[in-house]
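Colleague: My questions all concern the structure below.
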Amino acid sequence: MMMPEENGFDVPEELADGRRRMLDADLAGRGISDPGVLAAMASVPRHEFVPFPLRIHSYDDTPLGIGCGQTISQPYVVAYMTQALRIAPGMRVLEIGTGSGYQTAVLAFMGAEVFTVERYEELSLAAEARLDRLGLGERTTFRTDDGSLGWPEAAPFDRILAAAAAPRIPAALAEELAEGGLLLLPVGALRGNQRLELAEKRNGRLAVRPLLDVSFVPMLGAGAFKAG
Ligand code: SAH
C-alpha cells in the first residue's frame, strides 16, 4: 500500500513513520531549519537509494552500505551539509563522491544544476538510473572519474560539496570555485577523525571555517589520498 505524499513521491506505508521521525527528531530537532532542505528531505525517497535488504532502515539515523565498500551518508549529515551550502535554484554545484546519488537528488530537487563525479562506474551508473527514474535526471550530469582533480570543463562552480575526506582541500577544487562561492569538504585522516570545513572564496582566496566532526570514507585520488 502506498500513501500519496504532498510532494509527489510515494513512501511505502511501513516506512512512513520512520520518515516522519527522521524529519522531526533527527533533522528539525537538531537544527535543520532551511525550509528548502526540509522539503527536499521530506520528498526525495531515500528508500530508493538503499539496497533492498536494508530498505527498512532507510530513514534510520545512520549511514548504510551501498556496495563497493561505500556508504550512503547519514540523513542528518546530508541535511547539515546542504543547509551549510545555502543552495538556491540555478546554482552550479560540483559534487565529489556520487555514491548512491541521494545527496545529488536532494541538490537537484532544490533546483541546483549538479555535476557529480564518482570513482566507481558501477555506483555512478546506478545513481544516474535512479535519478532518471525519479525525474531528477534533467538537472544532473554524471561522470566516472577522479574528482580530486575537479571538473575543469564545467567550472567555475557556485558550490562544491565533497562526500569523501581529503588530507587538505585539493588545489583543483579551490581553483574551480567561483568568486563568492562556498566549498564544503571533510578534512583529516584516512579513516574517521575528520572535520567538515566550509571555505568561502573572497578576492581569489579561501577563508576556511571548521564545522562539525565527521567520519567519511576517504577521497582516493591524485589530489587527495593516493590509492594504494
Ligand atoms: N553522498 C553519497 C555518499 C557517498 S560516499 C550518498 O549519500 O550516497 C563517498 C563516495 O566518494 C564513495 O562512493 C566513493 O567511491 C567516492 N569517492 C572516493 N574518492 C573519490 C574520488 N577521488 N573521486 C570521486 N569519487 C570518489
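Identifiers in the C-alpha cells: chain A, B, ... in order shown; residue index from 1 per chain; ligand index from 1 in order shown.
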Quick one: residues within 8 Å of ligand 1, with only C-alpha atoms and all ligand atoms, as number ranges by chain?

Modeller: A: 49, 66, 68-74, 78, 96-104, 117-120, 123, 144-149, 162-165, 216-224

Colleague: Mind checking which residues fall within 8 Å of Leu23 of chain A, counting only C-alpha atoms, ignoring those fewer than 6 positions away in the same chain, and posting them as a ChimeraX atom specification?

Modeller: /A:38,41-42

Colleague: Would you please work out which residue, of A:Val50, A:Met81, A:Val214, A:Val106, is nearest to Leu64 of chain A when using only C-alpha atoms?

Modeller: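 Answer, going by the shortest atom-to-atom distance: A:Val50.
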
Colleague: Write out as an NGL selection string each polymer residue whose atoms come within 9 Å of segment 32-37 of chain A, counting only C-alpha atoms; drop sequence neighbours fewer than 2 positions from it.

Modeller: :A and (26-30 or 39-42 or 76 or 79-80 or 82-83 or 86-88 or 106-107 or 110)

Colleague: From the DSSP assignment of the backbone, select every residue of segment 4-80 of chain A that is strand (DSSP E or B), and format the answer as a ChimeraX atom specification.

Modeller: /A:11-12,64-67,70-72

Colleague: If we count only C-alpha atoms and set the cut-off at 9 Å, which residues sit around Arg46 of chain A, ignoring sequence neighbours fewer than 6 positions away in its own chain? Please answer as a PDB file with N, CA and C atoms, in the first residue's frame.

Modeller:
```
ATOM      1  N   ARG A  19      10.159   7.918   8.298  1.00  0.00           N
ATOM      2  CA  ARG A  19      10.472   9.170   7.609  1.00  0.00           C
ATOM      3  C   ARG A  19      10.011  10.380   8.436  1.00  0.00           C
ATOM      4  N   ARG A  55      16.293  -1.760   3.174  1.00  0.00           N
ATOM      5  CA  ARG A  55      15.236  -0.777   2.946  1.00  0.00           C
ATOM      6  C   ARG A  55      14.507  -0.336   4.210  1.00  0.00           C
ATOM      7  N   SER A  58      15.968   2.581   5.880  1.00  0.00           N
ATOM      8  CA  SER A  58      16.205   3.756   5.032  1.00  0.00           C
ATOM      9  C   SER A  58      16.209   5.085   5.786  1.00  0.00           C
ATOM     10  N   TYR A  59      15.313   5.220   6.762  1.00  0.00           N
ATOM     11  CA  TYR A  59      15.159   6.517   7.436  1.00  0.00           C
ATOM     12  C   TYR A  59      15.792   6.531   8.817  1.00  0.00           C
ATOM     13  N   PRO A  75      21.323  10.698   7.150  1.00  0.00           N
ATOM     14  CA  PRO A  75      20.423  11.780   6.726  1.00  0.00           C
ATOM     15  C   PRO A  75      20.778  13.134   7.340  1.00  0.00           C
ATOM     16  N   TYR A 102      21.998   9.973  -3.538  1.00  0.00           N
ATOM     17  CA  TYR A 102      20.982  10.576  -2.665  1.00  0.00           C
ATOM     18  C   TYR A 102      21.222  12.078  -2.459  1.00  0.00           C
TER      19      TYR A 102
END
```
